[in-house]
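The next block is work.txt, given as compact mmCIF, C-alpha atoms.
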# COMPACT_ATOMS: atom_id res chain seq x y z
CA MET A 64 33.36 26.28 23.99
CA ARG A 65 33.46 28.70 26.87
CA ASN A 66 36.66 27.08 28.24
CA ARG A 67 38.43 27.34 24.85
CA LEU A 68 37.49 31.03 24.61
CA HIS A 69 38.70 31.62 28.14
CA ASN A 70 42.01 29.88 27.39
CA ARG A 71 42.51 31.94 24.23
CA ILE A 72 41.84 35.18 26.10
CA SER A 73 44.25 34.16 28.87
CA LEU A 74 46.93 33.23 26.33
CA ALA A 75 46.54 36.51 24.48
CA PHE A 76 46.68 38.50 27.71
CA GLY A 77 49.80 36.60 28.78
CA LEU A 78 51.48 37.32 25.43
CA ILE A 79 50.74 41.02 25.82
CA LEU A 80 52.27 41.07 29.30
CA TRP A 81 55.32 39.10 28.15
CA THR A 82 56.02 41.24 25.12
CA SER A 83 55.56 44.47 27.06
CA ALA A 84 58.09 43.26 29.65
CA ILE A 85 60.80 42.51 27.06
CA PRO A 86 62.19 46.08 26.85
CA ALA A 87 62.34 46.38 30.64
CA LEU A 88 64.11 43.04 30.99
CA ALA A 89 66.49 43.76 28.16
CA GLN A 90 67.38 47.30 29.22
CA ASP A 91 70.95 47.55 30.49
CA PRO A 92 71.90 49.73 33.49
CA TYR A 93 72.69 53.29 32.46
CA TYR A 94 76.37 53.07 33.43
CA LYS A 95 77.09 49.74 31.74
CA GLY A 96 79.90 50.02 29.21
CA LYS A 97 80.59 53.63 30.15
CA SER A 98 83.60 55.34 31.72
CA VAL A 99 83.21 57.71 34.67
CA ARG A 100 85.85 60.34 35.43
CA ILE A 101 86.40 61.91 38.85
CA ILE A 102 88.05 65.30 38.38
CA LEU A 103 90.43 66.34 41.13
CA GLY A 104 91.92 69.80 41.62
CA PHE A 105 95.14 68.61 43.23
CA GLY A 106 98.20 66.65 42.16
CA SER A 107 98.77 62.94 42.61
CA GLY A 108 100.24 61.47 45.75
CA GLY A 109 98.46 63.58 48.37
CA GLY A 110 95.63 62.75 50.76
CA VAL A 111 92.85 64.10 48.53
CA ASP A 112 94.20 62.09 45.61
CA ALA A 113 94.36 58.89 47.69
CA GLU A 114 90.76 59.35 48.85
CA ALA A 115 89.49 59.98 45.32
CA ARG A 116 91.22 56.88 43.97
CA LEU A 117 89.76 54.77 46.74
CA VAL A 118 86.27 56.09 45.97
CA ALA A 119 86.83 55.36 42.26
CA ARG A 120 87.77 51.75 42.99
CA PHE A 121 84.67 51.09 45.07
CA PHE A 122 82.39 52.93 42.65
CA GLU A 123 83.45 50.40 40.01
CA ARG A 124 82.14 47.74 42.37
CA TYR A 125 78.83 49.34 43.31
CA LEU A 126 77.64 51.34 40.31
CA PRO A 127 75.11 49.24 38.35
CA GLY A 128 76.68 48.06 35.13
CA ALA A 129 80.23 48.08 36.56
CA PRO A 130 81.61 51.02 34.54
CA SER A 131 85.27 51.91 34.64
CA VAL A 132 85.96 54.79 37.04
CA ILE A 133 89.17 56.79 36.75
CA VAL A 134 90.64 59.81 38.53
CA GLN A 135 91.92 62.74 36.51
CA ASN A 136 94.21 65.21 38.28
CA MET A 137 93.78 68.81 37.19
CA PRO A 138 95.87 70.84 39.68
CA GLY A 139 96.21 74.59 39.75
CA ALA A 140 95.19 77.71 41.69
CA GLY A 141 94.32 75.80 44.85
CA GLY A 142 91.89 73.56 42.98
CA MET A 143 90.20 76.44 41.16
CA VAL A 144 91.34 75.27 37.72
CA ALA A 145 89.39 72.04 38.18
CA THR A 146 86.27 73.63 39.68
CA ASN A 147 86.07 76.24 36.92
CA TRP A 148 86.56 73.54 34.28
CA PHE A 149 83.85 71.37 35.84
CA GLU A 150 81.40 74.27 35.95
CA GLN A 151 81.99 75.03 32.28
CA PHE A 152 82.36 71.62 30.66
CA ALA A 153 80.79 68.88 32.82
CA LYS A 154 77.55 67.62 31.31
CA PRO A 155 74.59 66.46 33.41
CA ASP A 156 75.16 62.85 32.35
CA GLY A 157 76.83 61.49 35.50
CA LEU A 158 80.01 60.62 33.61
CA ILE A 159 82.18 63.43 34.97
CA LEU A 160 82.22 63.95 38.74
CA HIS A 161 84.22 66.35 40.91
CA TYR A 162 85.83 65.48 44.24
CA THR A 163 86.45 68.85 45.88
CA GLY A 164 88.47 70.00 48.84
CA THR A 165 87.42 72.61 51.35
CA THR A 166 89.35 75.10 49.24
CA ALA A 167 86.49 75.22 46.72
CA LEU A 168 84.06 76.04 49.51
CA ASN A 169 86.38 78.75 50.79
CA GLN A 170 86.82 80.21 47.32
CA GLN A 171 83.07 80.57 46.89
CA ILE A 172 82.48 81.84 50.43
CA PHE A 173 85.16 84.52 50.08
CA GLY A 174 84.32 85.37 46.49
CA ALA A 175 87.86 84.56 45.40
CA GLU A 176 89.08 86.31 42.29
CA GLY A 177 88.83 84.01 39.30
CA ALA A 178 86.22 81.67 40.84
CA LYS A 179 83.60 81.07 38.14
CA PHE A 180 81.53 78.33 39.70
CA ASP A 181 78.50 78.01 41.95
CA LEU A 182 78.55 74.93 44.16
CA ARG A 183 74.94 75.54 45.15
CA GLN A 184 73.86 74.39 41.69
CA TRP A 185 75.88 71.16 41.66
CA GLN A 186 74.35 67.80 42.60
CA LEU A 187 75.77 66.35 45.82
CA ILE A 188 76.62 62.64 45.95
CA GLY A 189 78.27 62.42 49.36
CA SER A 190 81.25 63.67 51.34
CA ILE A 191 84.25 62.38 53.27
CA PHE A 192 84.68 64.25 56.53
CA ARG A 193 87.77 64.33 58.68
CA GLN A 194 87.48 65.85 62.13
CA THR A 195 88.17 69.53 62.64
CA SER A 196 91.38 71.02 63.94
CA VAL A 197 92.77 71.33 67.45
CA ALA A 198 95.38 74.01 68.18
CA MET A 199 98.57 73.19 70.08
CA ILE A 200 100.86 75.60 71.90
CA ARG A 201 104.09 75.43 73.86
CA PRO A 202 102.91 75.37 77.50
CA ASP A 203 105.28 78.15 78.55
CA LYS A 204 103.80 80.42 75.87
CA LEU A 205 100.14 80.08 76.81
CA ASN A 206 100.20 82.97 79.29
CA ARG A 207 101.60 85.24 76.58
CA LEU A 208 98.52 84.90 74.42
CA THR A 209 96.80 87.94 75.94
CA VAL A 210 99.65 90.08 77.27
CA PRO A 211 101.81 92.71 75.57
CA GLY A 212 105.18 91.75 74.21
CA PRO A 213 106.50 89.82 71.23
CA PRO A 214 103.49 88.23 69.49
CA LEU A 215 103.11 84.47 69.26
CA LYS A 216 103.80 83.14 65.77
CA ILE A 217 101.37 81.04 63.74
CA GLY A 218 102.54 79.25 60.60
CA VAL A 219 100.09 79.18 57.66
CA ARG A 220 100.07 78.50 53.94
CA GLY A 221 97.96 81.42 52.79
CA GLY A 222 95.93 82.12 55.91
CA ASP A 223 92.58 80.95 54.56
CA GLU A 224 92.74 77.59 56.35
CA GLY A 225 89.48 76.87 58.18
CA TRP A 226 91.15 76.68 61.58
CA ASN A 227 92.84 80.06 61.11
CA SER A 228 89.47 81.72 61.68
CA ILE A 229 90.05 80.97 65.38
CA PHE A 230 93.08 83.22 65.49
CA LEU A 231 91.74 86.00 63.29
CA TRP A 232 88.61 86.30 65.42
CA GLY A 233 90.74 85.76 68.53
CA ALA A 234 92.95 88.70 67.58
CA GLU A 235 89.93 90.86 66.79
CA PHE A 236 87.59 90.05 69.68
CA LEU A 237 89.82 88.60 72.43
CA LYS A 238 92.85 90.76 71.64
CA TRP A 239 95.12 87.75 71.25
CA ASN A 240 98.70 88.83 70.69
CA VAL A 241 99.54 86.78 67.59
CA THR A 242 101.20 87.22 64.23
CA TRP A 243 101.31 85.08 61.13
CA VAL A 244 104.25 83.54 59.28
CA MET A 245 102.92 82.91 55.77
CA GLY A 246 104.05 80.94 52.77
CA TYR A 247 104.59 77.41 54.08
CA PRO A 248 103.98 74.89 51.28
CA GLY A 249 102.01 72.43 53.40
CA GLY A 250 101.04 71.05 56.78
CA GLY A 251 104.19 68.95 57.14
CA GLU A 252 106.41 72.00 56.86
CA ILE A 253 104.23 73.97 59.30
CA ARG A 254 104.41 71.12 61.82
CA LEU A 255 108.19 70.92 61.47
CA ALA A 256 108.55 74.66 62.06
CA PHE A 257 106.43 74.32 65.21
CA ARG A 258 108.53 71.47 66.53
CA ARG A 259 111.72 73.43 65.87
CA GLY A 260 110.41 76.44 67.78
CA GLU A 261 110.20 78.67 64.72
CA THR A 262 106.49 79.16 65.47
CA ASP A 263 104.52 78.97 68.71
CA ILE A 264 101.09 77.67 67.66
CA PHE A 265 100.13 74.82 65.36
CA ALA A 266 96.70 73.47 64.41
CA THR A 267 95.84 70.17 62.77
CA ALA A 268 92.93 67.76 62.44
CA ALA A 269 95.14 64.66 62.13
CA LEU A 270 94.65 62.60 65.27
CA THR A 271 98.02 60.86 64.86
CA ASN A 272 99.84 64.20 64.83
CA LEU A 273 97.82 65.47 67.78
CA LYS A 274 98.67 62.40 69.84
CA GLU A 275 102.36 62.67 68.97
CA LEU A 276 102.55 66.37 69.84
CA THR A 277 100.67 65.87 73.10
CA GLY A 278 103.12 63.09 73.97
CA GLU A 279 105.99 65.49 73.29
CA GLY A 280 104.63 67.96 75.84
CA PHE A 281 102.74 70.40 73.63
CA LYS A 282 99.39 71.54 74.98
CA PRO A 283 96.04 71.50 73.12
CA PHE A 284 94.24 74.67 74.20
CA VAL A 285 91.45 75.45 71.73
CA GLN A 286 89.62 73.60 68.99
CA GLN A 287 87.62 74.53 65.93
CA GLY A 288 84.70 72.20 66.61
CA ARG A 289 82.29 70.73 64.12
CA LEU A 290 79.51 73.02 62.97
CA THR A 291 76.07 71.48 63.34
CA ALA A 292 72.97 72.32 61.31
CA ALA A 293 71.73 74.13 64.44
CA GLY A 294 74.59 76.64 64.15
CA SER A 295 76.71 75.62 67.16
CA PHE A 296 80.15 73.99 67.30
CA GLN A 297 80.54 70.52 68.75
CA GLY A 298 83.94 69.60 70.19
CA ARG A 299 85.84 66.45 69.26
CA PRO A 300 85.18 63.55 71.65
CA GLU A 301 88.91 62.80 71.86
CA PHE A 302 89.49 66.22 73.45
CA PRO A 303 86.64 66.80 75.90
CA GLU A 304 88.72 69.19 78.03
CA VAL A 305 89.65 71.44 75.09
CA PRO A 306 87.00 74.12 74.52
CA PRO A 307 85.75 75.05 71.06
CA PHE A 308 86.60 78.65 70.24
CA GLN A 309 82.93 79.56 70.52
CA GLU A 310 83.14 78.81 74.27
CA LEU A 311 86.33 80.81 74.75
CA LEU A 312 84.67 83.87 73.25
CA GLY A 313 82.11 83.94 76.05
CA GLN A 314 80.69 87.44 76.49
CA HIS A 315 83.03 88.69 73.75
CA ARG A 316 81.28 86.64 71.10
CA PRO A 317 80.13 88.97 68.32
CA THR A 318 76.67 88.94 66.84
CA GLY A 319 75.22 89.76 63.46
CA ILE A 320 77.51 89.99 60.45
CA PRO A 321 80.81 89.21 62.28
CA TRP A 322 79.36 86.00 63.71
CA GLN A 323 77.80 84.97 60.40
CA ALA A 324 81.21 85.44 58.82
CA TYR A 325 82.83 83.27 61.49
CA LEU A 326 80.27 80.50 61.02
CA SER A 327 80.96 80.40 57.29
CA TRP A 328 84.73 80.35 57.68
CA ALA A 329 85.17 78.13 60.72
CA GLY A 330 82.38 75.80 59.64
CA VAL A 331 83.69 75.01 56.18
CA ASP A 332 85.77 72.01 57.33
CA SER A 333 82.64 70.44 58.81
CA ALA A 334 81.30 69.79 55.30
CA GLY A 335 84.24 67.52 54.50
CA ARG A 336 85.28 66.90 50.91
CA PRO A 337 82.15 66.68 48.78
CA LEU A 338 81.76 64.54 45.67
CA TYR A 339 79.57 66.27 43.08
CA ALA A 340 77.79 65.55 39.82
CA ALA A 341 77.14 68.39 37.41
CA ALA A 342 74.25 70.82 37.80
CA ARG A 343 70.90 69.59 36.42
CA THR A 344 71.90 65.92 36.51
CA PRO A 345 68.57 64.04 36.30
CA PRO A 346 67.43 62.05 39.36
CA GLU A 347 67.55 58.73 37.46
CA ILE A 348 71.26 59.31 36.77
CA LEU A 349 72.13 60.86 40.14
CA ARG A 350 70.40 58.25 42.27
CA PRO A 351 72.68 55.32 41.30
CA LEU A 352 75.69 57.47 42.22
CA GLN A 353 74.24 58.27 45.63
CA ASP A 354 73.25 54.63 46.16
CA ALA A 355 76.77 53.49 45.25
CA PHE A 356 78.20 55.98 47.74
CA ALA A 357 75.89 54.62 50.45
CA LYS A 358 76.88 51.02 49.68
CA MET A 359 80.53 52.02 49.72
CA LYS A 360 80.04 53.61 53.15
CA GLY A 361 78.70 50.31 54.51
CA ASP A 362 81.51 48.19 53.01
CA LYS A 363 83.86 46.99 55.76
CA THR A 364 86.80 46.77 53.38
CA PHE A 365 86.27 50.36 52.33
CA GLN A 366 85.98 51.43 55.97
CA SER A 367 89.30 49.78 56.75
CA GLU A 368 91.02 51.37 53.77
CA ILE A 369 89.62 54.87 54.29
CA PHE A 370 90.84 54.73 57.90
CA ARG A 371 94.29 53.90 56.59
CA VAL A 372 94.22 56.66 53.97
CA ALA A 373 92.46 59.47 55.84
CA GLY A 374 92.82 58.59 59.53
CA GLU A 375 90.87 56.70 62.13
CA ASP A 376 88.54 59.63 62.83
CA VAL A 377 87.21 59.92 59.27
CA HIS A 378 83.47 59.83 58.57
CA VAL A 379 81.67 59.10 55.31
CA LEU A 380 78.62 61.34 54.98
CA LEU A 381 75.64 60.75 52.71
CA ALA A 382 74.18 63.62 50.70
CA THR A 383 71.21 63.89 53.05
CA GLU A 384 73.58 64.27 56.02
CA VAL A 385 75.75 67.07 54.64
CA GLU A 386 73.38 68.98 52.33
CA PRO A 387 71.72 71.11 55.07
CA LEU A 388 75.14 72.23 56.31
CA LEU A 389 76.37 73.07 52.83
CA ARG A 390 73.28 75.17 52.18
CA GLN A 391 73.99 77.08 55.38
CA LEU A 392 77.67 77.63 54.57
CA LEU A 393 77.18 78.69 50.96
CA ALA A 394 74.40 81.16 51.74
CA VAL A 395 76.96 83.66 53.05
CA SER A 396 75.89 87.25 52.59
CA PRO A 397 78.03 89.83 50.79
CA ALA A 398 78.36 91.72 54.10
CA ALA A 399 79.70 88.64 55.91
CA ARG A 400 82.10 88.00 53.05
CA ASP A 401 83.32 91.58 53.25
CA PHE A 402 83.89 91.26 56.99
CA SER A 403 86.00 88.11 56.57
CA ASN A 404 88.04 89.77 53.86
CA SER A 405 88.54 92.83 56.06
CA LEU A 406 90.12 90.67 58.77
CA VAL A 407 92.37 89.04 56.19
CA LYS A 408 93.50 92.46 55.02
CA LYS A 409 93.97 93.76 58.55
CA TYR A 410 95.95 90.88 60.04
CA LEU A 411 97.44 89.02 57.09
CA ARG A 412 97.96 92.13 54.98
CA ARG A 413 96.80 90.56 51.77

What is this structure when it is put down as structure tokens?
Amino acid sequence: MRNRLHNRISLAFGLILWTSAIPALAQDPYYKGKSVRIILGFGSGGGVDAEARLVARFFERYLPGAPSVIVQNMPGAGGMVATNWFEQFAKPDGLILHYTGTTALNQQIFGAEGAKFDLRQWQLIGSIFRQTSVAMIRPDKLNRLTVPGPPLKIGVRGGDEGWNSIFLWGAEFLKWNVTWVMGYPGGGEIRLAFRRGETDIFATAALTNLKELTGEGFKPFVQQGRLTAAGSFQGRPEFPEVPPFQELLGQHRPTGIPWQAYLSWAGVDSAGRPLYAAARTPPEILRPLQDAFAKMKGDKTFQSEIFRVAGEDVHVLLATEVEPLLRQLLAVSPAARDFSNSLVKKYLRR
């Protein structure tokens, strides 16, 4: 009698456990059957576009439920059209993501007119970081950097490139004799002008270009360096003899607001190109995106392809690796922003 009662109780308890487990077993992954869009503020065919499409392809592999992941180009205003749209319309459902360039960081740091977004509120998934820039010069022009005479020419698009902080602060605090030739459409045209002798200084992060120019006799003489969470700049290992600008400043290095402004401007490239989900995305929706990014980082096929697309010195950074730096960069004070803008007005006249 006691055994039969015990068996009935055990059976009933087992049925309760089994029936309570049915919903958990039957529940599909959140992303199953869904479509995820990665919004991109630049046109198709460029480096940012190629990186975003590569991320999309591997997200299809690693997001639970194997959703379709597509890239939507939304170019305009240096990426601002896309960032403003994402701020306004992206829901916290993990189905619309934004792959940003450093331009979005610059626009927020400088308080660009028309910028209606706050990256500090967005949910970081990860970032793709390419090394920071090294500046090249014609060897016979190096001694003219600090002497009177015709100024050395620097080619820029608009002058807000991260590496250009070197030369603005160099002109202000080291009295470098430089001037800017503005309006180039892109890095390829700036490099061509440098090779032709139309300009005297050229900066790039692309290791292939740096190797080629060094082989042609141009001299690397200063580098941007990668900003660390401790607030110092770490030089690229490929160029151990080339000092970061911070070292060149020496006793002329400013303090207070001018240095805070430099950290924000020169450090922006160190954050790479972040991939974001919308503000207030719940942890249970954000976490699979971050996990997929981490799995993608460890995939050898992805590593091979990102090297081909972005260069052999590219690094894939997890959210935990880049978030402290982003917080530091985006916490720029109004006074530091005003100082940066004053240098732009003084030297670039815009």

field: Shell of 7 Å around segment 244-250 of chain A, all atoms listed in the file, local chain residues under 6 positions omitted, as a ChimeraX atom specification
entry: /A:216-221

Contact residues around Gly177 of chain A with all atoms listed in the file at 9 Å, ignoring same-chain residues under 3 positions, as an NGL selection string: :A and (143 or 147 or 174)

- prompt: What residues have an atom no more than 8 Å from (84.2, 68.2, 66.9) in the file's own frame, counting all atoms listed in the file, and can you write them as a VMD selection string?
  reply: chain A and resid 194 to 195 286 to 290 296 to 300

message: Excluding Arg400 of chain A and its own-chain neighbours fewer than 2 positions away, which residues fall within 10 Å of it when counting all atoms listed in the file? Please give them as a list in words.
response: Gln171, Ile172, Phe173, Gly174, Ile320, Pro321, Gln323, Ala324, Tyr325, Ser327, Trp328, Val395, Ser396, Pro397, Ala398, Phe402, Ser403, Asn404 and Ser405 of chain A

message: Under the rule that only C-alpha atoms are counted, which of A:Phe192, A:Leu389, A:Asn227, A:Val241 is the nearest residue to Pro214 of chain A?
response: A:Val241

query: With distances taken over all atoms listed in the file, which of A:Phe121, A:Asp156, A:Leu237, A:Thr163 is nearest to Glu347 of chain A?
result: A:Asp156

- prompt: Rounded to one decimal in Å, what is the spacing between atom CA of Glu310 of chain A and atom CA of Gly212 of chain A?
  reply: 25.6 Å

Build an axis-aligned box that encloses every atom of segment 100-117 of chain A listed in the file, pad it by 4 Å on each side, and report its centre and edge lengths in Å to one decimal, as JSON.
{"center_x": 93.0, "center_y": 62.3, "center_z": 43.1, "size_x": 22.4, "size_y": 23.0, "size_z": 23.3}

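Between atom CA of Val99 of chain A and atom CA of Arg116 of chain A there is a distance of 12.3 Å.
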
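When the distance limit is 8 Å and all atoms listed in the file are what count, the residues near segment 339-344 of chain A, minus those fewer than 2 positions from it on the same chain, are Phe149, Glu150, Ala153, Lys154, Pro155, Asp156, Gly157, Ile159, Leu160, His161, Tyr162, Thr163, Gln184, Trp185, Gln186, Leu187, Ile188, Gly189, Pro337, Pro346, Ile348 and Leu349 of chain A.
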
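What separates atom CA of Lys238 of chain A from atom CA of Ser196 of chain A is a distance of 21.2 Å.
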